[in-house]
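Coordinates as given in input22.csv (CSV, C-alpha atoms (C1' of nucleotides)):
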```
chain,number,residue,atom,x,y,z
G,1,MET,CA,-31.1,-20.1,13.5
G,2,SER,CA,-34.6,-20.9,12.4
G,3,ALA,CA,-35.7,-23.1,9.6
G,4,ARG,CA,-35.9,-20.0,7.5
G,5,THR,CA,-32.1,-19.8,7.4
G,6,ALA,CA,-31.7,-22.3,4.5
G,7,GLN,CA,-27.8,-22.4,4.5
G,8,GLN,CA,-26.8,-20.5,1.3
G,9,SER,CA,-24.5,-22.5,-0.9
G,10,TYR,CA,-22.2,-21.3,-3.6
G,11,THR,CA,-20.4,-22.8,-6.6
G,12,ILE,CA,-16.6,-22.5,-6.9
G,13,LYS,CA,-17.1,-19.6,-9.4
G,14,GLU,CA,-19.2,-17.7,-7.0
G,15,ALA,CA,-16.7,-18.4,-4.2
G,16,ALA,CA,-14.0,-17.1,-6.4
G,17,ALA,CA,-15.8,-13.9,-7.2
G,18,LEU,CA,-16.6,-13.3,-3.5
G,19,THR,CA,-13.1,-13.9,-2.2
G,20,GLY,CA,-11.2,-12.4,-5.2
G,21,LEU,CA,-9.2,-15.5,-5.6
G,22,PRO,CA,-9.3,-17.4,-8.9
G,23,ALA,CA,-11.1,-20.8,-8.8
G,24,SER,CA,-7.8,-22.6,-9.6
G,25,THR,CA,-6.3,-21.1,-6.4
G,26,LEU,CA,-9.3,-22.3,-4.4
G,27,ARG,CA,-8.7,-25.8,-5.6
G,28,TYR,CA,-5.0,-25.5,-5.0
G,29,TYR,CA,-5.4,-24.3,-1.4
G,30,GLU,CA,-7.7,-27.2,-0.8
G,31,THR,CA,-5.3,-29.8,-2.2
G,32,ILE,CA,-2.3,-28.5,-0.2
G,33,GLY,CA,-4.4,-28.3,3.0
G,34,VAL,CA,-4.6,-24.5,3.5
G,35,ILE,CA,-8.3,-24.9,3.8
G,36,ALA,CA,-10.4,-27.9,4.9
G,37,PRO,CA,-11.8,-30.1,2.1
G,38,ILE,CA,-15.0,-28.6,0.7
G,39,SER,CA,-18.1,-30.8,0.6
G,40,ARG,CA,-19.3,-32.0,-2.7
G,41,GLY,CA,-22.7,-32.1,-4.4
G,42,ALA,CA,-24.9,-35.1,-3.7
G,43,SER,CA,-25.0,-36.3,-7.3
G,44,SER,CA,-21.8,-34.7,-8.6
G,45,LYS,CA,-18.2,-34.2,-7.8
G,46,HIS,CA,-18.6,-30.4,-7.8
G,47,ARG,CA,-17.6,-28.4,-4.8
G,48,VAL,CA,-20.3,-26.7,-2.8
G,49,TYR,CA,-19.2,-23.8,-0.6
G,50,ASP,CA,-21.3,-22.7,2.4
G,51,GLU,CA,-21.1,-19.5,4.5
G,52,SER,CA,-18.5,-20.8,6.8
G,53,ASP,CA,-16.3,-21.9,3.9
G,54,LEU,CA,-16.6,-18.4,2.5
G,55,ASP,CA,-15.6,-16.9,5.8
G,56,GLN,CA,-12.6,-19.1,6.1
G,57,LEU,CA,-11.6,-18.3,2.5
G,58,MET,CA,-12.0,-14.6,2.9
G,59,TRP,CA,-9.8,-14.9,5.9
G,60,VAL,CA,-7.2,-16.9,4.0
G,61,ALA,CA,-7.4,-14.3,1.1
G,62,CYS,CA,-6.5,-11.6,3.6
G,63,LEU,CA,-3.5,-13.5,4.9
G,64,ALA,CA,-2.4,-14.3,1.4
G,65,ALA,CA,-2.7,-10.7,0.3
G,66,THR,CA,-0.5,-9.7,3.2
G,67,GLY,CA,2.2,-12.0,1.9
G,68,MET,CA,2.0,-14.8,4.3
G,69,SER,CA,3.4,-18.1,3.0
G,70,VAL,CA,1.1,-21.0,2.5
G,71,SER,CA,2.7,-23.1,5.2
G,72,ASP,CA,2.2,-20.2,7.7
G,73,MET,CA,-1.4,-19.8,6.5
G,74,ARG,CA,-2.0,-23.5,7.0
G,75,GLN,CA,-0.7,-23.2,10.6
G,76,TYR,CA,-2.6,-20.0,11.2
G,77,VAL,CA,-6.0,-21.2,9.9
G,78,ALA,CA,-5.6,-24.4,12.0
G,79,ASN,CA,-5.1,-22.1,15.1
G,80,GLY,CA,-8.0,-19.9,14.0
G,81,GLN,CA,-10.4,-22.8,14.1
G,82,LEU,CA,-10.4,-22.5,17.9
G,83,GLY,CA,-13.3,-20.0,17.8
G,84,PRO,CA,-14.3,-16.3,18.4
G,85,SER,CA,-12.2,-15.9,21.5
G,86,ALA,CA,-9.5,-14.5,19.1
G,87,ALA,CA,-11.7,-11.5,18.1
G,88,THR,CA,-9.1,-9.0,19.1
G,89,GLU,CA,-6.5,-10.7,17.1
G,90,GLN,CA,-8.8,-10.8,14.2
G,91,VAL,CA,-9.4,-7.1,14.3
G,92,GLU,CA,-5.7,-6.5,14.6
G,93,LEU,CA,-4.9,-8.5,11.4
G,94,LEU,CA,-7.8,-7.0,9.6
G,95,ALA,CA,-6.6,-3.5,10.5
G,96,GLN,CA,-3.2,-4.5,9.1
G,97,GLN,CA,-5.0,-5.6,5.9
G,98,GLU,CA,-6.8,-2.3,5.8
G,99,ARG,CA,-3.6,-0.4,5.9
G,100,ARG,CA,-2.2,-2.6,3.2
G,101,LEU,CA,-5.1,-2.0,0.9
G,102,ALA,CA,-4.8,1.7,1.5
G,103,LEU,CA,-1.2,1.6,0.3
G,104,GLU,CA,-2.2,-0.5,-2.6
G,105,ALA,CA,-4.8,2.0,-3.6
G,106,LYS,CA,-2.2,4.7,-3.5
G,107,GLN,CA,0.2,2.8,-5.6
G,108,LEU,CA,-2.5,2.0,-8.1
G,109,ALA,CA,-3.5,5.6,-8.4
G,110,VAL,CA,0.1,6.5,-9.2
G,111,ARG,CA,0.3,3.8,-11.8
G,112,GLN,CA,-2.9,5.0,-13.3
G,113,ARG,CA,-1.5,8.5,-13.6
G,114,TYR,CA,1.7,7.1,-15.0
G,115,VAL,CA,-0.1,5.2,-17.7
G,116,ARG,CA,-2.3,8.2,-18.6
G,117,LEU,CA,0.9,10.3,-18.9
G,118,LYS,CA,2.5,7.8,-21.1
G,119,ILE,CA,-0.5,7.7,-23.4
G,120,ASP,CA,-0.4,11.5,-23.7
G,121,TYR,CA,3.3,11.2,-24.3
G,122,TRP,CA,3.0,8.8,-27.2
G,123,GLN,CA,0.2,10.7,-28.7
G,124,ALA,CA,2.3,13.8,-28.6
G,125,VAL,CA,5.1,11.9,-30.3
G,126,ASP,CA,2.7,10.6,-32.8
G,127,ALA,CA,1.5,14.2,-33.5
G,128,GLY,CA,5.1,15.4,-33.8
G,129,ASP,CA,4.8,17.7,-30.8
G,130,THR,CA,8.3,17.4,-29.5
G,131,ASP,CA,8.0,20.1,-26.9
G,132,ARG,CA,4.9,18.5,-25.3
G,133,ALA,CA,6.5,15.1,-25.5
G,134,GLU,CA,9.5,16.3,-23.6
G,135,LEU,CA,7.4,18.0,-21.0
G,136,LEU,CA,5.4,14.9,-20.5
G,137,SER,CA,8.5,12.8,-20.3
G,138,LYS,CA,9.8,15.0,-17.5
G,139,GLU,CA,6.5,14.8,-15.7
G,140,ALA,CA,6.7,11.0,-15.9
G,141,ARG,CA,10.1,11.1,-14.3
G,142,GLU,CA,8.8,13.2,-11.4
G,143,LEU,CA,6.0,10.8,-11.0
G,144,ALA,CA,8.5,8.0,-10.7
G,145,ASP,CA,10.0,9.7,-7.7
G,146,GLU,CA,6.5,9.8,-6.1
G,147,LEU,CA,6.1,6.0,-6.8
G,148,LYS,CA,9.4,5.5,-5.1
G,149,ARG,CA,8.3,7.4,-2.1
G,150,VAL,CA,5.0,5.6,-1.7
G,151,LYS,CA,6.6,2.1,-1.9
G,152,LYS,CA,8.8,2.1,1.1
G,153,PRO,CA,7.2,3.6,4.3
N,1,MET,CA,23.2,17.3,-23.8
N,2,SER,CA,26.1,19.3,-22.5
N,3,ALA,CA,29.2,18.0,-20.6
N,4,ARG,CA,27.2,18.9,-17.4
N,5,THR,CA,25.0,15.9,-18.0
N,6,ALA,CA,27.4,13.5,-16.4
N,7,GLN,CA,25.3,10.4,-17.1
N,8,GLN,CA,24.1,9.3,-13.6
N,9,SER,CA,24.7,5.7,-12.8
N,10,TYR,CA,23.0,3.4,-10.3
N,11,THR,CA,23.7,0.1,-8.5
N,12,ILE,CA,21.2,-2.7,-8.8
N,13,LYS,CA,19.9,-1.9,-5.3
N,14,GLU,CA,19.2,1.7,-6.3
N,15,ALA,CA,17.6,0.6,-9.5
N,16,ALA,CA,15.4,-1.8,-7.4
N,17,ALA,CA,14.4,1.0,-5.1
N,18,LEU,CA,13.5,3.3,-8.0
N,19,THR,CA,11.5,0.8,-10.0
N,20,GLY,CA,9.9,-1.0,-7.0
N,21,LEU,CA,11.1,-4.4,-8.3
N,22,PRO,CA,13.3,-6.6,-6.2
N,23,ALA,CA,16.9,-6.9,-7.4
N,24,SER,CA,16.4,-10.6,-8.0
N,25,THR,CA,13.7,-9.8,-10.4
N,26,LEU,CA,15.9,-7.2,-12.2
N,27,ARG,CA,18.5,-9.9,-12.8
N,28,TYR,CA,15.8,-12.4,-13.8
N,29,TYR,CA,14.3,-10.0,-16.4
N,30,GLU,CA,17.8,-9.6,-17.8
N,31,THR,CA,18.6,-13.3,-18.1
N,32,ILE,CA,15.3,-14.1,-19.9
N,33,GLY,CA,15.7,-11.1,-22.2
N,34,VAL,CA,12.9,-8.9,-21.1
N,35,ILE,CA,15.4,-6.1,-20.8
N,36,ALA,CA,18.7,-5.6,-22.6
N,37,PRO,CA,21.9,-6.7,-20.9
N,38,ILE,CA,23.0,-4.1,-18.4
N,39,SER,CA,26.6,-2.9,-18.7
N,40,ARG,CA,29.1,-3.9,-16.0
N,41,GLY,CA,31.6,-2.0,-13.9
N,42,ALA,CA,35.1,-1.6,-15.5
N,43,SER,CA,36.8,-3.5,-12.7
N,44,SER,CA,33.9,-5.6,-11.4
N,45,LYS,CA,31.1,-7.8,-12.6
N,46,HIS,CA,28.6,-5.6,-11.0
N,47,ARG,CA,25.7,-4.2,-13.0
N,48,VAL,CA,25.7,-0.4,-13.6
N,49,TYR,CA,22.4,1.1,-14.5
N,50,ASP,CA,22.1,4.4,-16.4
N,51,GLU,CA,19.1,6.7,-16.9
N,52,SER,CA,17.9,4.9,-20.0
N,53,ASP,CA,18.1,1.6,-18.3
N,54,LEU,CA,16.0,3.1,-15.5
N,55,ASP,CA,13.4,4.4,-18.0
N,56,GLN,CA,13.1,1.0,-19.6
N,57,LEU,CA,12.8,-0.7,-16.3
N,58,MET,CA,10.2,1.6,-14.9
N,59,TRP,CA,8.3,0.9,-18.0
N,60,VAL,CA,8.6,-2.8,-17.6
N,61,ALA,CA,7.6,-2.5,-14.0
N,62,CYS,CA,4.4,-0.8,-15.0
N,63,LEU,CA,3.6,-3.5,-17.5
N,64,ALA,CA,4.4,-6.3,-15.0
N,65,ALA,CA,2.3,-4.6,-12.3
N,66,THR,CA,-0.7,-4.6,-14.6
N,67,GLY,CA,-0.4,-8.3,-15.3
N,68,MET,CA,1.3,-8.5,-18.6
N,69,SER,CA,3.2,-11.8,-19.3
N,70,VAL,CA,7.0,-11.7,-19.6
N,71,SER,CA,6.9,-12.9,-23.3
N,72,ASP,CA,4.5,-10.0,-24.1
N,73,MET,CA,6.7,-7.6,-22.2
N,74,ARG,CA,9.7,-8.8,-24.2
N,75,GLN,CA,7.8,-8.2,-27.4
N,76,TYR,CA,6.6,-4.9,-26.2
N,77,VAL,CA,9.9,-3.6,-25.1
N,78,ALA,CA,11.4,-4.7,-28.4
N,79,ASN,CA,8.8,-2.6,-30.2
N,80,GLY,CA,9.7,0.3,-28.0
N,81,GLN,CA,13.3,0.1,-29.1
N,82,LEU,CA,12.2,0.8,-32.6
N,83,GLY,CA,11.4,4.4,-31.8
N,84,PRO,CA,8.4,6.5,-32.5
N,85,SER,CA,7.2,4.5,-35.4
N,86,ALA,CA,5.4,2.1,-33.1
N,87,ALA,CA,3.6,5.0,-31.3
N,88,THR,CA,0.1,3.9,-32.3
N,89,GLU,CA,0.7,0.4,-31.1
N,90,GLN,CA,2.1,1.7,-27.8
N,91,VAL,CA,-1.0,3.9,-27.3
N,92,GLU,CA,-3.3,0.9,-28.1
N,93,LEU,CA,-1.6,-1.3,-25.5
N,94,LEU,CA,-1.4,1.5,-22.9
N,95,ALA,CA,-5.1,2.1,-23.3
N,96,GLN,CA,-5.7,-1.5,-22.6
N,97,GLN,CA,-3.6,-1.3,-19.4
N,98,GLU,CA,-5.6,1.8,-18.5
N,99,ARG,CA,-8.9,-0.1,-18.7
N,100,ARG,CA,-7.4,-2.9,-16.7
N,101,LEU,CA,-6.2,-0.5,-14.0
N,102,ALA,CA,-9.7,1.0,-13.8
N,103,LEU,CA,-11.2,-2.4,-13.2
N,104,GLU,CA,-8.6,-3.2,-10.6
N,105,ALA,CA,-9.4,0.1,-8.8
N,106,LYS,CA,-13.0,-0.9,-8.6
N,107,GLN,CA,-12.3,-4.3,-7.2
N,108,LEU,CA,-9.9,-2.8,-4.7
N,109,ALA,CA,-12.5,-0.3,-3.5
N,110,VAL,CA,-15.0,-3.1,-2.9
N,111,ARG,CA,-12.4,-5.1,-1.0
N,112,GLN,CA,-11.6,-2.1,1.2
N,113,ARG,CA,-15.2,-1.7,2.1
N,114,TYR,CA,-15.5,-5.4,2.9
N,115,VAL,CA,-12.5,-5.3,5.2
N,116,ARG,CA,-13.8,-2.2,7.0
N,117,LEU,CA,-17.1,-3.9,7.4
N,118,LYS,CA,-15.4,-7.0,8.9
N,119,ILE,CA,-13.5,-4.9,11.3
N,120,ASP,CA,-16.7,-3.3,12.5
N,121,TYR,CA,-18.2,-6.7,12.7
N,122,TRP,CA,-15.6,-8.2,14.9
N,123,GLN,CA,-15.6,-5.1,17.1
N,124,ALA,CA,-19.3,-5.5,17.6
N,125,VAL,CA,-18.8,-9.1,18.5
N,126,ASP,CA,-16.1,-8.2,20.9
N,127,ALA,CA,-18.4,-5.6,22.5
N,128,GLY,CA,-21.2,-8.1,22.7
N,129,ASP,CA,-23.5,-6.1,20.4
N,130,THR,CA,-25.2,-9.0,18.7
N,131,ASP,CA,-27.7,-6.9,16.9
N,132,ARG,CA,-25.1,-4.7,15.3
N,133,ALA,CA,-23.0,-7.7,14.5
N,134,GLU,CA,-25.9,-9.3,12.7
N,135,LEU,CA,-26.6,-6.1,10.8
N,136,LEU,CA,-23.0,-5.8,9.7
N,137,SER,CA,-22.9,-9.5,8.7
N,138,LYS,CA,-25.9,-8.9,6.4
N,139,GLU,CA,-24.3,-5.8,5.0
N,140,ALA,CA,-21.2,-7.8,4.2
N,141,ARG,CA,-23.3,-10.3,2.3
N,142,GLU,CA,-24.9,-7.6,0.3
N,143,LEU,CA,-21.5,-6.3,-0.5
N,144,ALA,CA,-20.5,-9.7,-1.7
N,145,ASP,CA,-23.2,-9.5,-4.4
N,146,GLU,CA,-21.7,-6.3,-5.5
N,147,LEU,CA,-18.2,-7.8,-5.8
N,148,LYS,CA,-19.7,-10.6,-7.8
N,149,ARG,CA,-21.2,-8.1,-10.2
N,150,VAL,CA,-18.0,-6.1,-10.7
N,151,LYS,CA,-16.1,-9.2,-11.8
N,152,LYS,CA,-18.0,-10.1,-14.9
N,153,PRO,CA,-18.7,-7.1,-17.2
J,1,DC,C1',-36.5,-36.9,-22.8
J,2,DT,C1',-32.5,-35.8,-25.2
J,3,DA,C1',-29.1,-32.6,-27.3
J,4,DG,C1',-25.6,-29.3,-26.8
J,5,DG,C1',-22.8,-26.1,-24.5
J,6,DA,C1',-21.1,-24.1,-20.4
J,7,DA,C1',-19.0,-25.2,-16.1
J,8,DC,C1',-17.1,-28.5,-13.4
J,9,DT,C1',-13.5,-32.3,-12.3
J,10,DT,C1',-8.4,-34.2,-12.0
J,11,DC,C1',-3.7,-34.3,-13.1
J,12,DA,C1',0.5,-32.9,-15.3
J,13,DA,C1',3.3,-29.4,-17.0
J,14,DG,C1',4.4,-24.6,-17.3
J,15,DT,C1',5.3,-19.8,-15.5
J,16,DA,C1',7.2,-16.2,-12.9
J,17,DC,C1',9.6,-15.3,-9.7
J,18,DT,C1',12.4,-16.3,-5.0
J,19,DT,C1',15.7,-18.2,-2.1
J,20,DG,C1',20.0,-20.4,-0.7
J,21,DA,C1',24.7,-21.6,-1.3
J,22,DA,C1',29.2,-20.5,-2.5
J,23,DG,C1',32.1,-17.4,-4.1
J,24,DT,C1',34.0,-12.3,-5.8
J,25,DC,C1',34.4,-7.5,-5.2
J,26,DA,C1',34.2,-2.7,-2.9
J,27,DA,C1',34.6,0.8,0.5
J,28,DA,C1',35.5,2.2,5.3
J,29,DA,C1',38.3,1.2,9.4
J,30,DG,C1',42.4,0.2,11.5
A,1,DC,C1',48.1,-1.5,2.8
A,2,DT,C1',45.3,-5.0,4.9
A,3,DT,C1',41.2,-6.5,7.0
A,4,DT,C1',36.5,-6.8,7.6
A,5,DT,C1',31.8,-6.0,6.4
A,6,DG,C1',28.5,-6.1,3.4
A,7,DA,C1',26.7,-5.8,-1.4
A,8,DC,C1',27.3,-8.0,-5.5
A,9,DT,C1',27.8,-12.3,-8.6
A,10,DT,C1',26.0,-17.0,-10.7
A,11,DC,C1',23.6,-21.1,-10.6
A,12,DA,C1',20.4,-24.6,-8.9
A,13,DA,C1',16.4,-25.6,-6.5
A,14,DG,C1',12.1,-24.2,-4.4
A,15,DT,C1',7.5,-21.8,-4.1
A,16,DA,C1',3.0,-20.5,-5.4
A,17,DC,C1',0.3,-20.5,-8.4
A,18,DT,C1',-1.6,-21.1,-13.6
A,19,DT,C1',-2.7,-23.3,-17.7
A,20,DG,C1',-4.0,-27.1,-20.8
A,21,DA,C1',-5.8,-31.5,-21.8
A,22,DA,C1',-9.2,-34.9,-21.3
A,23,DG,C1',-12.9,-36.3,-19.3
A,24,DT,C1',-17.8,-35.6,-16.2
A,25,DT,C1',-21.8,-33.1,-15.0
A,26,DC,C1',-25.3,-29.5,-15.0
A,27,DC,C1',-28.7,-26.8,-17.3
A,28,DT,C1',-31.5,-24.9,-20.8
A,29,DA,C1',-33.9,-25.4,-24.9
A,30,DG,C1',-36.1,-28.3,-28.4
```

Full structure transcribed into structure tokens:
Amino acid sequence: MSARTAQQSYTIKEAAALTGLPASTLRYYETIGVIAPISRGASSKHRVYDESDLDQLMWVACLAATGMSVSDMRQYVANGQLGPSAATEQVELLAQQERRLALEAKQLAVRQRYVRLKIDYWQAVDAGDTDRAELLSKEARELADELKRVKKP
Amino acid sequence: MSARTAQQSYTIKEAAALTGLPASTLRYYETIGVIAPISRGASSKHRVYDESDLDQLMWVACLAATGMSVSDMRQYVANGQLGPSAATEQVELLAQQERRLALEAKQLAVRQRYVRLKIDYWQAVDAGDTDRAELLSKEARELADELKRVKKP
DNA sequence: CTAGGAACTTCAAGTACTTGAAGTCAAAAG
DNA sequence: CTTTTGACTTCAAGTACTTGAAGTTCCTAG
């Protein structure tokens, strides 16, 4: 930690981009106490986020993404303040998040295929190609089964 | 459409499993008019879903998953009822969803890389490998810039 | 230095579900 | 046929954001 490390700071918009949470949610989390109050600019009321704020936020974003309730998150972050001794637990939860993201990616891919199929379908309908439309309709139904399968496990 | 096609029917739970939407949401969509009223059992008040209901629901589920508002969905499904005359409009909206999904996929990919990096980071910390931890921390920051860039365009 | 517009602020109201309570109905077990 | 278990029903209230209005503050250009 030399003088060279000039503590990066970020606006709320940048923090939002980095964490993937909308700025409105960042403010919301702060007002309800999920995250600690963010320091403000010397001559303004604007929030100024530093690296540790970002770390905390990214962490909260992970918990939120896994479906944890805000009251649980508040509790959990309060516990998490205790330091790096919880490294193992951190990794555990991050690994969980990784699996969740992998599942999300799968579901997204299926949805993308479905939308593409529906586009083709309507274009076939538009072109009066009934046979092709029916074929695509059937394909879409098969895809629906796949979507069903990817949801549960 | 022969007599063999004995119109499959489904309970709300099955419909929920097929569409990926919770049963509560299926009821909710019905009460606010996003989907048409579902017919009820002869001797009960229970909803009975048929194939076309499922088609409609699967469709709505896709729209919802891509972030369309309920009032837009209501409008959209109403158009869909009109038959193939609205085909062009359907394709237009679907293409929009497709672009949205592509963006979502990009953002998801970055988040996946970020989580992986954080896992590696905490494992390095856990192993006492300070150099590697610092390197990974720096990589994470570079990735953050990338995430920032993918948001805007 | 001073406009003007973008980005920030708070606060209140709206949206999209979600959950809980209290009751009805259905299918298998006895 | 009756009982029990569990899924279904409505309705009201709760949750987690989200959006809009009205007002600062920052920044870039003139």

Report as a ChimeraX atom specification the set of chain J residues whose atoms approach chain G to within 12 Å, with distances computed over only C-alpha atoms (C1' of nucleotides).
-> /J:7-11

Keeping only C-alpha atoms (C1' of nucleotides), write the selected residues as a short mmCIF file (atom, residue, chain, number, x, y, z; two decimals), keeping the file's coordinate frame.
```
data_model
loop_
_atom_site.label_atom_id
_atom_site.label_comp_id
_atom_site.auth_asym_id
_atom_site.auth_seq_id
_atom_site.Cartn_x
_atom_site.Cartn_y
_atom_site.Cartn_z
"C1'" DA J 7 -19.00 -25.20 -16.10
"C1'" DC J 8 -17.10 -28.50 -13.40
"C1'" DT J 9 -13.50 -32.30 -12.30
"C1'" DT J 10 -8.40 -34.20 -12.00
"C1'" DC J 11 -3.70 -34.30 -13.10
#
```

Would you list which chain G residues are within 10 Å of chain A using all atoms listed in the file, as a ChimeraX atom specification?
-> /G:22,24-25,28-29,43-46,69-70

If you measure from atom CA of Ile38 of chain N to atom CA of Met68 of chain N, what distance in Å do you get, rounded to one decimal?
-> 22.1 Å

Compute the set of chain G residues within 7 Å of chain N, using all atoms listed in the file, and express it as a list of chain:residue names.
-> G:Ala17, G:Leu18, G:Ala87, G:Val91, G:Leu94, G:Glu98, G:Leu101, G:Arg111, G:Gln112, G:Val115, G:Ile119, G:Trp122, G:Val125, G:Asp126, G:Lys148, G:Lys151

Atoms kept (C-alpha atoms) for selection, written as an mmCIF file, in the coordinates of the input:
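Okay, this is what ended up in selection29.cif:
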```
data_model
loop_
_atom_site.group_PDB
_atom_site.id
_atom_site.type_symbol
_atom_site.label_atom_id
_atom_site.label_comp_id
_atom_site.auth_asym_id
_atom_site.auth_seq_id
_atom_site.Cartn_x
_atom_site.Cartn_y
_atom_site.Cartn_z
ATOM 1 C CA ALA G 17 -15.800 -13.900 -7.200
ATOM 2 C CA LEU G 18 -16.600 -13.300 -3.500
ATOM 3 C CA ALA G 87 -11.700 -11.500 18.100
ATOM 4 C CA VAL G 91 -9.400 -7.100 14.300
ATOM 5 C CA LEU G 94 -7.800 -7.000 9.600
ATOM 6 C CA GLU G 98 -6.800 -2.300 5.800
ATOM 7 C CA LEU G 101 -5.100 -2.000 0.900
ATOM 8 C CA ARG G 111 0.300 3.800 -11.800
ATOM 9 C CA GLN G 112 -2.900 5.000 -13.300
ATOM 10 C CA VAL G 115 -0.100 5.200 -17.700
ATOM 11 C CA ILE G 119 -0.500 7.700 -23.400
ATOM 12 C CA TRP G 122 3.000 8.800 -27.200
ATOM 13 C CA VAL G 125 5.100 11.900 -30.300
ATOM 14 C CA ASP G 126 2.700 10.600 -32.800
ATOM 15 C CA LYS G 148 9.400 5.500 -5.100
ATOM 16 C CA LYS G 151 6.600 2.100 -1.900
#
```

Computed interatomic separation between atom CA of Thr130 of chain G and atom CA of Gln75 of chain N (Å) |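 These two atoms are separated by 25.7 Å.
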
Would you mind reading off the distance between atom CA of Ser137 of chain G and atom CA of Tyr76 of chain N, one decimal, in Å?
-> 18.8 Å

Around all the atoms of segment 122-128 of chain N listed in the file, draw an axis-aligned box and extend it by 4 Å on each of the six sides; I want its centre and edge lengths in Å to one decimal, as AutoDock Vina command-line options.
```
--center_x -18.4 --center_y -7.1 --center_z 18.8 --size_x 13.6 --size_y 12.0 --size_z 15.8
```

Hey, what's within 10 Å of Gly33 of chain G if we count all atoms listed in the file and toss same-chain stuff fewer than 2 positions away? As a ChimeraX atom specification, please?
-> /G:27-31,35-37,70-71,73-75,78
